[in-house]
$ cat upload.tsv   # TSV, C-alpha atoms and all ligand atoms
chain	number	residue	atom	x	y	z
A	108	MET	CA	0.66	4.40	35.58
A	109	ILE	CA	0.57	5.54	31.95
A	110	VAL	CA	1.31	3.14	29.11
A	111	ALA	CA	1.85	4.61	25.62
A	112	VAL	CA	1.41	2.31	22.63
A	113	ASP	CA	2.30	3.79	19.25
A	114	GLY	CA	2.73	2.37	15.78
A	115	PRO	CA	1.58	2.42	12.17
A	116	ALA	CA	-1.79	1.29	10.80
A	117	ALA	CA	-2.64	-2.40	11.29
A	118	SER	CA	0.49	-3.08	13.39
A	119	GLY	CA	-1.62	-4.68	16.13
A	120	LYS	CA	-1.18	-1.78	18.57
A	121	GLY	CA	-4.91	-1.56	19.35
A	122	THR	CA	-5.15	-5.25	20.26
A	123	LEU	CA	-2.04	-5.01	22.43
A	124	ALA	CA	-3.16	-1.77	24.12
A	125	ARG	CA	-6.54	-3.33	24.99
A	126	ALA	CA	-4.82	-6.43	26.40
A	127	ILE	CA	-2.44	-4.31	28.52
A	128	ALA	CA	-5.34	-2.21	29.85
A	129	ARG	CA	-7.30	-5.37	30.72
A	130	HIS	CA	-4.28	-6.90	32.45
A	131	TYR	CA	-3.71	-3.87	34.70
A	132	GLY	CA	-7.41	-3.02	35.08
A	133	VAL	CA	-7.05	0.54	33.74
A	134	PRO	CA	-9.04	2.37	31.05
A	135	HIS	CA	-7.91	2.42	27.42
A	136	LEU	CA	-8.24	5.11	24.78
A	137	ASP	CA	-7.86	4.40	21.07
A	138	THR	CA	-6.85	7.92	20.02
A	139	GLY	CA	-7.21	7.06	16.33
A	140	LEU	CA	-10.97	7.06	16.94
A	141	LEU	CA	-10.86	10.79	17.73
A	142	TYR	CA	-9.23	11.57	14.37
A	143	ARG	CA	-11.63	9.16	12.68
A	144	ALA	CA	-14.57	11.00	14.29
A	145	VAL	CA	-13.29	14.30	12.87
A	146	ALA	CA	-12.86	12.62	9.48
A	147	LEU	CA	-16.38	11.22	9.49
A	148	CYS	CA	-17.88	14.60	10.40
A	149	VAL	CA	-15.85	16.33	7.68
A	150	ALA	CA	-17.20	13.83	5.15
A	151	ARG	CA	-20.79	14.13	6.39
A	152	MET	CA	-20.63	17.94	6.41
A	153	GLU	CA	-19.26	17.69	2.83
A	154	LEU	CA	-16.17	19.67	3.82
A	155	ASP	CA	-12.64	19.25	2.48
A	156	PRO	CA	-10.33	17.26	4.81
A	157	ALA	CA	-7.27	18.87	3.23
A	158	VAL	CA	-8.45	22.36	4.29
A	159	GLU	CA	-7.43	23.00	7.89
A	160	ALA	CA	-10.39	25.29	8.72
A	161	ASP	CA	-12.82	22.66	7.40
A	162	ALA	CA	-11.23	19.95	9.54
A	163	VAL	CA	-11.21	22.21	12.61
A	164	ALA	CA	-14.94	22.88	12.11
A	165	ALA	CA	-15.51	19.13	12.58
A	166	CYS	CA	-13.53	18.87	15.84
A	167	GLY	CA	-16.56	19.63	17.97
A	168	PHE	CA	-18.14	16.33	16.94
A	169	ASP	CA	-21.04	14.85	18.86
A	170	GLU	CA	-19.92	12.15	21.35
A	171	ALA	CA	-22.37	9.69	19.76
A	172	VAL	CA	-20.15	9.64	16.65
A	173	LEU	CA	-17.55	7.70	18.64
A	174	ALA	CA	-19.86	4.68	18.56
A	175	ASP	CA	-20.61	4.91	14.83
A	176	PRO	CA	-19.54	1.72	12.99
A	177	ALA	CA	-18.55	3.87	9.99
A	178	LEU	CA	-15.53	4.98	12.05
A	179	ARG	CA	-13.95	1.58	11.34
A	180	GLU	CA	-14.19	1.87	7.56
A	181	ASP	CA	-11.00	2.15	5.57
A	182	ALA	CA	-12.17	5.34	3.86
A	183	THR	CA	-12.58	6.95	7.28
A	184	GLY	CA	-9.02	5.91	8.24
A	185	ARG	CA	-7.70	7.45	5.03
A	186	THR	CA	-9.50	10.74	5.70
A	187	ALA	CA	-8.38	10.62	9.35
A	188	SER	CA	-4.79	10.47	8.16
A	189	ILE	CA	-5.42	13.67	6.15
A	190	VAL	CA	-7.19	15.67	8.89
A	191	SER	CA	-4.65	14.57	11.51
A	192	ALA	CA	-1.83	16.38	9.67
A	193	HIS	CA	-3.34	19.78	10.56
A	194	PRO	CA	-1.71	21.30	13.68
A	195	LEU	CA	-5.00	22.98	14.73
A	196	VAL	CA	-6.83	19.64	14.64
A	197	ARG	CA	-4.16	18.07	16.84
A	198	ALA	CA	-4.35	21.06	19.20
A	199	ALA	CA	-8.15	20.72	19.43
A	200	LEU	CA	-7.86	17.06	20.47
A	201	PHE	CA	-4.83	17.46	22.74
A	202	GLN	CA	-6.45	18.31	26.10
A	203	ARG	CA	-8.93	15.48	25.90
A	204	GLN	CA	-6.10	12.97	25.47
A	205	ARG	CA	-4.02	14.60	28.23
A	206	ARG	CA	-6.95	14.42	30.62
A	207	PHE	CA	-7.46	10.75	29.81
A	208	ALA	CA	-3.77	9.99	30.35
A	209	GLY	CA	-3.69	11.86	33.66
A	210	GLN	CA	-6.68	10.24	35.33
A	211	PRO	CA	-6.06	8.74	38.77
A	212	GLY	CA	-5.10	5.08	38.58
A	213	GLY	CA	-3.55	5.45	35.16
A	214	ALA	CA	-4.45	4.65	31.59
A	215	VAL	CA	-3.32	3.01	28.37
A	216	LEU	CA	-3.47	5.08	25.18
A	217	ASP	CA	-2.66	3.98	21.66
A	218	GLY	CA	-1.96	6.12	18.61
A	219	ARG	CA	0.92	7.69	16.72
A	220	ASP	CA	2.26	10.37	19.10
A	221	ILE	CA	1.38	9.15	22.60
A	222	GLY	CA	4.97	8.54	23.73
A	223	THR	CA	6.33	11.63	21.99
A	224	VAL	CA	3.68	14.35	22.47
A	225	ILE	CA	0.59	13.31	24.46
A	226	ALA	CA	2.31	11.54	27.36
A	227	PRO	CA	6.09	11.92	27.10
A	228	GLU	CA	6.21	11.12	30.83
A	229	ALA	CA	4.58	7.67	30.29
A	230	ASP	CA	5.92	4.91	32.54
A	231	ALA	CA	6.15	2.41	29.68
A	232	LYS	CA	6.24	3.06	25.94
A	233	LEU	CA	5.84	0.45	23.23
A	234	PHE	CA	6.35	1.06	19.53
A	235	VAL	CA	4.51	-1.71	17.71
A	236	SER	CA	5.49	-2.47	14.14
A	237	ALA	CA	5.25	-5.07	11.38
A	238	THR	CA	6.26	-5.08	7.73
A	239	PRO	CA	3.91	-3.19	5.37
A	240	ARG	CA	3.11	-6.45	3.52
A	241	ILE	CA	2.11	-8.27	6.70
A	242	ARG	CA	0.04	-5.33	7.91
A	243	ALA	CA	-1.69	-5.22	4.53
A	244	GLN	CA	-2.41	-8.98	4.75
A	245	ARG	CA	-4.04	-8.47	8.17
A	246	ARG	CA	-6.06	-5.48	7.00
A	247	HIS	CA	-7.17	-7.31	3.83
A	248	ALA	CA	-8.27	-10.38	5.80
A	249	GLU	CA	-10.11	-8.16	8.28
A	250	LEU	CA	-11.96	-6.31	5.51
A	251	LYS	CA	-12.94	-9.56	3.84
A	252	GLY	CA	-14.08	-11.06	7.13
A	253	ARG	CA	-16.20	-8.01	7.78
A	254	GLY	CA	-17.88	-8.33	4.39
A	255	GLY	CA	-16.43	-5.00	3.29
A	256	PRO	CA	-16.91	-1.49	4.49
A	257	THR	CA	-20.47	-1.10	3.27
A	258	GLY	CA	-21.41	-4.67	2.40
A	259	PRO	CA	-21.89	-5.97	-1.16
A	260	GLY	CA	-21.93	-3.20	-3.72
A	261	PRO	CA	-19.64	-0.87	-5.58
A	262	THR	CA	-17.47	-0.11	-2.55
A	263	GLY	CA	-18.06	-3.27	-0.55
A	264	PHE	CA	-17.20	-6.94	-0.91
A	265	ASP	CA	-19.28	-9.39	-2.82
A	266	PRO	CA	-19.96	-12.56	-0.76
A	267	ASN	CA	-19.84	-14.51	-4.05
A	268	GLY	CA	-16.13	-13.96	-4.35
A	269	PHE	CA	-15.68	-10.81	-6.42
A	270	ASP	CA	-13.19	-8.74	-4.50
A	271	PRO	CA	-13.23	-5.12	-5.66
A	272	ILE	CA	-10.59	-4.16	-3.11
A	273	SER	CA	-7.49	-6.04	-4.16
A	274	PHE	CA	-4.61	-6.89	-1.85
A	275	ASP	CA	-2.40	-4.58	-3.91
A	276	ARG	CA	-4.74	-1.68	-3.25
A	277	VAL	CA	-4.77	-2.35	0.48
A	278	LEU	CA	-0.95	-2.53	0.45
A	279	ALA	CA	-0.68	0.73	-1.51
A	280	ASP	CA	-3.07	2.33	0.98
A	281	ILE	CA	-0.99	1.16	3.97
A	282	ARG	CA	2.18	2.54	2.36
A	283	ALA	CA	0.50	5.87	1.57
A	284	ARG	CA	-0.80	6.13	5.14
A	285	ASP	CA	2.67	5.33	6.58
A	286	GLN	CA	4.20	8.01	4.38
A	287	ARG	CA	1.58	10.66	5.29
A	288	ASP	CA	1.61	9.89	9.03
A	289	SER	CA	5.44	9.85	9.22
A	290	ALA	CA	6.21	12.79	6.93
A	291	ARG	CA	3.84	15.38	8.41
A	292	ALA	CA	5.39	18.24	10.37
A	293	ALA	CA	2.96	18.12	13.31
A	294	ALA	CA	3.55	15.23	15.74
A	295	PRO	CA	4.56	12.67	13.09
A	296	LEU	CA	4.47	8.94	13.66
A	297	ALA	CA	7.80	8.34	15.37
A	298	MET	CA	9.29	6.05	17.97
A	299	ALA	CA	10.11	7.88	21.22
A	300	ALA	CA	13.78	7.63	22.21
A	301	ASP	CA	12.80	5.73	25.37
A	302	ALA	CA	10.26	3.40	23.71
A	303	VAL	CA	10.82	-0.31	23.21
A	304	LEU	CA	10.21	-1.77	19.76
A	305	LEU	CA	7.88	-4.75	19.40
A	306	ASP	CA	7.85	-6.22	15.89
A	307	THR	CA	4.70	-8.35	15.54
A	308	SER	CA	5.42	-9.49	11.94
A	309	PHE	CA	6.00	-13.13	12.84
A	310	LEU	CA	4.13	-13.39	16.14
A	311	SER	CA	0.69	-14.85	16.76
A	312	ILE	CA	-1.72	-12.56	18.63
A	313	GLU	CA	-1.19	-14.61	21.82
A	314	ALA	CA	2.61	-14.42	21.52
A	315	ALA	CA	2.51	-10.68	20.79
A	316	VAL	CA	0.28	-10.06	23.84
A	317	ARG	CA	2.62	-12.11	26.05
A	318	LYS	CA	5.65	-10.21	24.77
A	319	ALA	CA	3.94	-6.82	25.19
A	320	LEU	CA	2.95	-7.63	28.78
A	321	ASP	CA	6.52	-8.79	29.56
A	322	LEU	CA	8.01	-5.60	28.09
A	323	VAL	CA	5.60	-3.32	29.96
A	324	GLU	CA	6.09	-5.21	33.22
A	325	ALA	CA	9.89	-4.95	32.84
A	326	ARG	CA	9.59	-1.17	32.39
A	327	LEU	CA	7.20	-0.75	35.28
A	328	SER	CA	9.26	-2.82	37.68
A	329	ALA	CA	12.41	-0.90	36.72
A	330	ARG	CA	10.59	2.27	37.83
A	331	ARG	CA	9.25	0.87	41.10
B	401	LIG	O1	-4.88	4.21	14.34
B	401	LIG	P1	-5.92	4.55	13.27
B	401	LIG	O2	-5.73	3.81	11.97
B	401	LIG	O3	-7.32	4.45	13.77
B	401	LIG	O4	-5.66	6.11	12.97
B	401	LIG	C1	-6.28	6.79	11.90
B	401	LIG	C2	-5.43	7.99	11.53
B	401	LIG	O5	-5.46	8.95	12.59
B	401	LIG	C3	-3.96	7.70	11.29
B	401	LIG	O6	-3.69	7.41	9.92
B	401	LIG	C4	-3.26	8.95	11.74
B	401	LIG	C5	-4.20	9.57	12.73
B	401	LIG	N1	-3.75	9.46	14.12
B	401	LIG	C6	-2.84	10.40	14.56
B	401	LIG	O7	-2.39	11.22	13.76
B	401	LIG	N2	-2.45	10.42	15.85
B	401	LIG	C7	-2.91	9.51	16.73
B	401	LIG	N3	-2.52	9.56	18.01
B	401	LIG	C8	-3.84	8.52	16.30
B	401	LIG	C9	-4.23	8.51	14.97
$ encode --input "upload.tsv" --output "structure tokens" --more "lines below"
Ligand code: DC
Amino acid sequence: MIVAVDGPAASGKGTLARAIARHYGVPHLDTGLLYRAVALCVARMELDPAVEADAVAACGFDEAVLADPALREDATGRTASIVSAHPLVRAALFQRQRRFAGQPGGAVLDGRDIGTVIAPEADAKLFVSATPRIRAQRRHAELKGRGGPTGPGPTGFDPNGFDPISFDRVLADIRARDQRDSARAAAPLAMAADAVLLDTSFLSIEAAVRKALDLVEARLSARR
């Protein structure tokens, strides 16, 4: 059983994919982490994410990087969106994702191209979305809750209330990421023809999880 969960940044796809995996007792892969790992290595090697050969050089990242908290920073997500546009980077990460999807017992994967490229044969495909403004509100609240990407300081949040990363900047970032992820030639963010759309804009987390489980179960039982 393969479940593909795709969608734009901060749509809630990771939360839903984890809940689906837990419900069916199968492993889950957040494929965005792989692109984030490449991004982090590019930055640490002081290479240029826009240069394909530089990004490819970072694809052999050490597995330990996948547990690095810096992967979750917004700057890493931005760079991940840049490195992920290179076809050779996508090719370098392809087999790993295919192997994960094909493991006995099944798997849940979330990303941008799971239903279209990585596992077009998936038994159930969800495309999770929400308006850019609502996704930006979630991302902004999450960043504030976390105390900022690097803590108080020039790039972090000040616990005394000074917020150097404004909501407008987070919104602009979300829009830029949507545009880059959707407009690229290689495996762009797109809803598979046989995916079902789940708009989480006005749903609580609990309601979205319930709806996602219902949609997946309906697809799976139609195939049984
Ligand atoms: O889901 P995320 O925010 O962690 O993803 C970071 C970036 O990685 C995203 O902007 C585009 C890229 N990505 C991708 O191109 N394909 C995937 N399957 C997952 C992520």
$ closest_atom_pairs --input "upload.tsv" --of "chain A" --to "ligand LIG 401 (chain B)" --cutoff "8 Å" --atoms "all atoms listed in the file" --output "Markdown table"
| residue | atom | partner | partner_atom | distance |
| --- | --- | --- | --- | --- |
| A:Asp113 | CA | B:LIG401 | N3 | 7.6 |
| A:Gly114 | CA | B:LIG401 | O1 | 8.0 |
| A:Pro115 | CA | B:LIG401 | O1 | 7.0 |
| A:Ala116 | CA | B:LIG401 | O2 | 4.8 |
| A:Ala117 | CA | B:LIG401 | O2 | 7.0 |
| A:Gly121 | CA | B:LIG401 | O1 | 7.6 |
| A:Asp137 | CA | B:LIG401 | O3 | 7.3 |
| A:Thr138 | CA | B:LIG401 | C8 | 4.8 |
| A:Gly139 | CA | B:LIG401 | C9 | 3.6 |
| A:Leu140 | CA | B:LIG401 | O3 | 5.5 |
| A:Leu141 | CA | B:LIG401 | C8 | 7.5 |
| A:Tyr142 | CA | B:LIG401 | O5 | 4.9 |
| A:Arg143 | CA | B:LIG401 | C1 | 5.9 |
| A:Arg179 | CA | B:LIG401 | O3 | 7.6 |
| A:Thr183 | CA | B:LIG401 | C1 | 7.8 |
| A:Gly184 | CA | B:LIG401 | C1 | 4.7 |
| A:Arg185 | CA | B:LIG401 | O6 | 6.3 |
| A:Thr186 | CA | B:LIG401 | C2 | 7.6 |
| A:Ala187 | CA | B:LIG401 | C2 | 4.5 |
| A:Ser188 | CA | B:LIG401 | O6 | 3.7 |
| A:Ile189 | CA | B:LIG401 | O6 | 7.5 |
| A:Val190 | CA | B:LIG401 | C5 | 7.8 |
| A:Ser191 | CA | B:LIG401 | O7 | 4.6 |
| A:Ala192 | CA | B:LIG401 | O7 | 6.6 |
| A:Arg197 | CA | B:LIG401 | O7 | 7.7 |
| A:Asp217 | CA | B:LIG401 | N3 | 6.7 |
| A:Gly218 | CA | B:LIG401 | N3 | 3.5 |
| A:Arg219 | CA | B:LIG401 | N3 | 4.1 |
| A:Asp220 | CA | B:LIG401 | N3 | 5.0 |
| A:Ile221 | CA | B:LIG401 | N3 | 6.0 |
| A:Arg284 | CA | B:LIG401 | O6 | 5.7 |
| A:Asp285 | CA | B:LIG401 | O6 | 7.5 |
| A:Arg287 | CA | B:LIG401 | O6 | 7.7 |
| A:Asp288 | CA | B:LIG401 | C4 | 5.7 |
| A:Ala294 | CA | B:LIG401 | O7 | 7.4 |
| A:Pro295 | CA | B:LIG401 | O7 | 7.1 |
| A:Leu296 | CA | B:LIG401 | O7 | 7.2 |
$ atom_distance --input "upload.tsv" --atom1 "atom CA of Ala315 of chain A" --atom2 "atom CA of Val235 of chain A"
9.7 Å
$ residues_near_point --input "upload.tsv" --point "(8.0, -3.0, 19.7)" --cutoff "12 Å" --atoms "only C-alpha atoms" --output "VMD selection string"
chain A and resid 111 to 115 118 to 120 123 231 to 237 298 to 299 301 to 308 310 315 to 316 318 to 323
$ write_last_selection --input "upload.tsv" --atoms "C-alpha atoms" --output "short mmCIF file (atom, residue, chain, number, x, y, z; two decimals), in the frame of the given file"
data_model
loop_
_atom_site.label_atom_id
_atom_site.label_comp_id
_atom_site.auth_asym_id
_atom_site.auth_seq_id
_atom_site.Cartn_x
_atom_site.Cartn_y
_atom_site.Cartn_z
CA ALA A 111 1.85 4.61 25.62
CA VAL A 112 1.41 2.31 22.63
CA ASP A 113 2.30 3.79 19.25
CA GLY A 114 2.73 2.37 15.78
CA PRO A 115 1.58 2.42 12.17
CA SER A 118 0.49 -3.08 13.39
CA GLY A 119 -1.62 -4.68 16.13
CA LYS A 120 -1.18 -1.78 18.57
CA LEU A 123 -2.04 -5.01 22.43
CA ALA A 231 6.15 2.41 29.68
CA LYS A 232 6.24 3.06 25.94
CA LEU A 233 5.84 0.45 23.23
CA PHE A 234 6.35 1.06 19.53
CA VAL A 235 4.51 -1.71 17.71
CA SER A 236 5.49 -2.47 14.14
CA ALA A 237 5.25 -5.07 11.38
CA MET A 298 9.29 6.05 17.97
CA ALA A 299 10.11 7.88 21.22
CA ASP A 301 12.80 5.73 25.37
CA ALA A 302 10.26 3.40 23.71
CA VAL A 303 10.82 -0.31 23.21
CA LEU A 304 10.21 -1.77 19.76
CA LEU A 305 7.88 -4.75 19.40
CA ASP A 306 7.85 -6.22 15.89
CA THR A 307 4.70 -8.35 15.54
CA SER A 308 5.42 -9.49 11.94
CA LEU A 310 4.13 -13.39 16.14
CA ALA A 315 2.51 -10.68 20.79
CA VAL A 316 0.28 -10.06 23.84
CA LYS A 318 5.65 -10.21 24.77
CA ALA A 319 3.94 -6.82 25.19
CA LEU A 320 2.95 -7.63 28.78
CA ASP A 321 6.52 -8.79 29.56
CA LEU A 322 8.01 -5.60 28.09
CA VAL A 323 5.60 -3.32 29.96
#
$ atom_distance --input "upload.tsv" --atom1 "atom CA of Glu159 of chain A" --atom2 "atom CA of Ala144 of chain A"
15.4 Å
$ axis_aligned_box --input "upload.tsv" --around "segment 132-145 of chain A" --padding-each-side "5 Å" --output "AutoDock Vina command-line options"
--center_x -10.7 --center_y 5.6 --center_z 23.9 --size_x 17.7 --size_y 27.3 --size_z 32.4
$ atom_distance --input "upload.tsv" --atom1 "atom CA of Ile225 of chain A" --atom2 "atom CA of Glu180 of chain A"
25.2 Å
$ closest_residue --input "upload.tsv" --among "A:Gly132, A:Thr238, A:Val163, A:Arg282" --to "Val145 of chain A" --atoms "all atoms listed in the file"
A:Val163
$ residues_around --input "upload.tsv" --residues "Arg205 of chain A" --least-positions-apart "2" --cutoff "12 Å" --atoms "all atoms listed in the file" --output "list in words"
Ile109, Ala111, Leu136, Thr138, Arg197, Ala198, Ala199, Leu200, Phe201, Gln202, Arg203, Phe207, Ala208, Gly209, Gln210, Gly213, Ala214, Val215, Leu216, Asp220, Ile221, Gly222, Val224, Ile225, Ala226, Pro227, Glu228 and Ala229 of chain A
$ residues_near_point --input "upload.tsv" --point "(-17.7, 23.9, 16.1)" --cutoff "12 Å" --atoms "all atoms listed in the file" --output "MDAnalysis selection string"
chainID A and resid 145 148:149 152 160:169 196 199
$ closest_residue --input "upload.tsv" --among "A:Ala126, A:Ala292, A:Val133, A:Leu327" --to "Pro211 of chain A" --atoms "only C-alpha atoms"
A:Val133
$ closest_residue --input "upload.tsv" --among "A:Ala279, A:Ala128, A:Ala314, A:Ala329" --to "Gln244 of chain A" --atoms "all atoms listed in the file"
A:Ala279
$ closest_residue --input "upload.tsv" --among "A:His193, A:Val277, A:Lys251, A:Arg245" --to "Ala157 of chain A" --atoms "only C-alpha atoms"
A:His193
$ decode --input "upload.tsv" --residues "segment 169-193 of chain A" --atoms "N, CA, C and O atoms" --output "PDB file, in the first residue's frame"
ATOM      1  N   ASP A 169      25.974  13.258   4.266  1.00  0.00           N
ATOM      2  CA  ASP A 169      26.077  12.284   5.365  1.00  0.00           C
ATOM      3  C   ASP A 169      24.678  12.064   5.968  1.00  0.00           C
ATOM      4  O   ASP A 169      23.935  13.027   6.166  1.00  0.00           O
ATOM      5  N   GLU A 170      24.347  10.816   6.267  1.00  0.00           N
ATOM      6  CA  GLU A 170      23.008  10.508   6.817  1.00  0.00           C
ATOM      7  C   GLU A 170      22.698  11.290   8.095  1.00  0.00           C
ATOM      8  O   GLU A 170      21.535  11.589   8.389  1.00  0.00           O
ATOM      9  N   ALA A 171      23.737  11.620   8.860  1.00  0.00           N
ATOM     10  CA  ALA A 171      23.542  12.335  10.127  1.00  0.00           C
ATOM     11  C   ALA A 171      22.883  13.699   9.898  1.00  0.00           C
ATOM     12  O   ALA A 171      22.191  14.232  10.782  1.00  0.00           O
ATOM     13  N   VAL A 172      23.077  14.255   8.699  1.00  0.00           N
ATOM     14  CA  VAL A 172      22.495  15.571   8.387  1.00  0.00           C
ATOM     15  C   VAL A 172      20.969  15.531   8.496  1.00  0.00           C
ATOM     16  O   VAL A 172      20.327  16.529   8.840  1.00  0.00           O
ATOM     17  N   LEU A 173      20.390  14.359   8.242  1.00  0.00           N
ATOM     18  CA  LEU A 173      18.926  14.258   8.249  1.00  0.00           C
ATOM     19  C   LEU A 173      18.324  14.494   9.632  1.00  0.00           C
ATOM     20  O   LEU A 173      17.117  14.680   9.758  1.00  0.00           O
ATOM     21  N   ALA A 174      19.185  14.479  10.658  1.00  0.00           N
ATOM     22  CA  ALA A 174      18.687  14.739  12.015  1.00  0.00           C
ATOM     23  C   ALA A 174      19.077  16.148  12.488  1.00  0.00           C
ATOM     24  O   ALA A 174      18.824  16.504  13.643  1.00  0.00           O
ATOM     25  N   ASP A 175      19.669  16.931  11.609  1.00  0.00           N
ATOM     26  CA  ASP A 175      20.143  18.265  12.005  1.00  0.00           C
ATOM     27  C   ASP A 175      18.957  19.229  12.133  1.00  0.00           C
ATOM     28  O   ASP A 175      18.189  19.397  11.176  1.00  0.00           O
ATOM     29  N   PRO A 176      18.784  19.879  13.297  1.00  0.00           N
ATOM     30  CA  PRO A 176      17.652  20.799  13.465  1.00  0.00           C
ATOM     31  C   PRO A 176      17.668  21.952  12.458  1.00  0.00           C
ATOM     32  O   PRO A 176      16.611  22.522  12.138  1.00  0.00           O
ATOM     33  N   ALA A 177      18.842  22.279  11.914  1.00  0.00           N
ATOM     34  CA  ALA A 177      18.920  23.378  10.939  1.00  0.00           C
ATOM     35  C   ALA A 177      18.136  23.060   9.660  1.00  0.00           C
ATOM     36  O   ALA A 177      17.806  23.959   8.881  1.00  0.00           O
ATOM     37  N   LEU A 178      17.806  21.783   9.468  1.00  0.00           N
ATOM     38  CA  LEU A 178      17.003  21.414   8.287  1.00  0.00           C
ATOM     39  C   LEU A 178      15.652  22.122   8.307  1.00  0.00           C
ATOM     40  O   LEU A 178      15.053  22.366   7.276  1.00  0.00           O
ATOM     41  N   ARG A 179      15.144  22.381   9.514  1.00  0.00           N
ATOM     42  CA  ARG A 179      13.785  22.933   9.662  1.00  0.00           C
ATOM     43  C   ARG A 179      13.742  24.444   9.477  1.00  0.00           C
ATOM     44  O   ARG A 179      12.659  25.028   9.462  1.00  0.00           O
ATOM     45  N   GLU A 180      14.904  25.071   9.372  1.00  0.00           N
ATOM     46  CA  GLU A 180      14.909  26.536   9.263  1.00  0.00           C
ATOM     47  C   GLU A 180      14.348  26.982   7.916  1.00  0.00           C
ATOM     48  O   GLU A 180      14.478  26.280   6.920  1.00  0.00           O
ATOM     49  N   ASP A 181      13.748  28.173   7.941  1.00  0.00           N
ATOM     50  CA  ASP A 181      13.136  28.699   6.727  1.00  0.00           C
ATOM     51  C   ASP A 181      14.162  28.923   5.619  1.00  0.00           C
ATOM     52  O   ASP A 181      13.878  28.682   4.455  1.00  0.00           O
ATOM     53  N   ALA A 182      15.355  29.366   6.009  1.00  0.00           N
ATOM     54  CA  ALA A 182      16.403  29.625   5.011  1.00  0.00           C
ATOM     55  C   ALA A 182      16.753  28.323   4.287  1.00  0.00           C
ATOM     56  O   ALA A 182      16.998  28.316   3.078  1.00  0.00           O
ATOM     57  N   THR A 183      16.747  27.214   5.035  1.00  0.00           N
ATOM     58  CA  THR A 183      17.067  25.921   4.418  1.00  0.00           C
ATOM     59  C   THR A 183      15.967  25.536   3.426  1.00  0.00           C
ATOM     60  O   THR A 183      16.249  25.027   2.341  1.00  0.00           O
ATOM     61  N   GLY A 184      14.703  25.799   3.777  1.00  0.00           N
ATOM     62  CA  GLY A 184      13.576  25.510   2.882  1.00  0.00           C
ATOM     63  C   GLY A 184      13.686  26.315   1.591  1.00  0.00           C
ATOM     64  O   GLY A 184      13.416  25.800   0.502  1.00  0.00           O
ATOM     65  N   ARG A 185      14.099  27.575   1.751  1.00  0.00           N
ATOM     66  CA  ARG A 185      14.251  28.444   0.571  1.00  0.00           C
ATOM     67  C   ARG A 185      15.331  27.887  -0.360  1.00  0.00           C
ATOM     68  O   ARG A 185      15.149  27.771  -1.566  1.00  0.00           O
ATOM     69  N   THR A 186      16.466  27.509   0.239  1.00  0.00           N
ATOM     70  CA  THR A 186      17.565  26.970  -0.582  1.00  0.00           C
ATOM     71  C   THR A 186      17.166  25.624  -1.173  1.00  0.00           C
ATOM     72  O   THR A 186      17.517  25.304  -2.306  1.00  0.00           O
ATOM     73  N   ALA A 187      16.390  24.838  -0.411  1.00  0.00           N
ATOM     74  CA  ALA A 187      15.932  23.529  -0.909  1.00  0.00           C
ATOM     75  C   ALA A 187      15.084  23.723  -2.169  1.00  0.00           C
ATOM     76  O   ALA A 187      15.173  22.941  -3.113  1.00  0.00           O
ATOM     77  N   SER A 188      14.278  24.764  -2.169  1.00  0.00           N
ATOM     78  CA  SER A 188      13.433  25.036  -3.323  1.00  0.00           C
ATOM     79  C   SER A 188      14.301  25.363  -4.547  1.00  0.00           C
ATOM     80  O   SER A 188      13.935  25.033  -5.680  1.00  0.00           O
ATOM     81  N   ILE A 189      15.459  25.961  -4.317  1.00  0.00           N
ATOM     82  CA  ILE A 189      16.371  26.297  -5.436  1.00  0.00           C
ATOM     83  C   ILE A 189      17.092  25.036  -5.935  1.00  0.00           C
ATOM     84  O   ILE A 189      17.092  24.737  -7.126  1.00  0.00           O
ATOM     85  N   VAL A 190      17.669  24.254  -5.011  1.00  0.00           N
ATOM     86  CA  VAL A 190      18.423  23.064  -5.469  1.00  0.00           C
ATOM     87  C   VAL A 190      17.490  22.019  -6.100  1.00  0.00           C
ATOM     88  O   VAL A 190      17.898  21.277  -6.997  1.00  0.00           O
ATOM     89  N   SER A 191      16.230  21.988  -5.642  1.00  0.00           N
ATOM     90  CA  SER A 191      15.316  20.952  -6.126  1.00  0.00           C
ATOM     91  C   SER A 191      14.871  21.189  -7.570  1.00  0.00           C
ATOM     92  O   SER A 191      14.266  20.304  -8.177  1.00  0.00           O
ATOM     93  N   ALA A 192      15.161  22.353  -8.116  1.00  0.00           N
ATOM     94  CA  ALA A 192      14.782  22.629  -9.510  1.00  0.00           C
ATOM     95  C   ALA A 192      15.756  21.982 -10.492  1.00  0.00           C
ATOM     96  O   ALA A 192      15.458  21.878 -11.677  1.00  0.00           O
ATOM     97  N   HIS A 193      16.921  21.535 -10.010  1.00  0.00           N
ATOM     98  CA  HIS A 193      17.917  20.942 -10.914  1.00  0.00           C
ATOM     99  C   HIS A 193      17.568  19.478 -11.210  1.00  0.00           C
ATOM    100  O   HIS A 193      17.490  18.655 -10.282  1.00  0.00           O
TER     101      HIS A 193
END
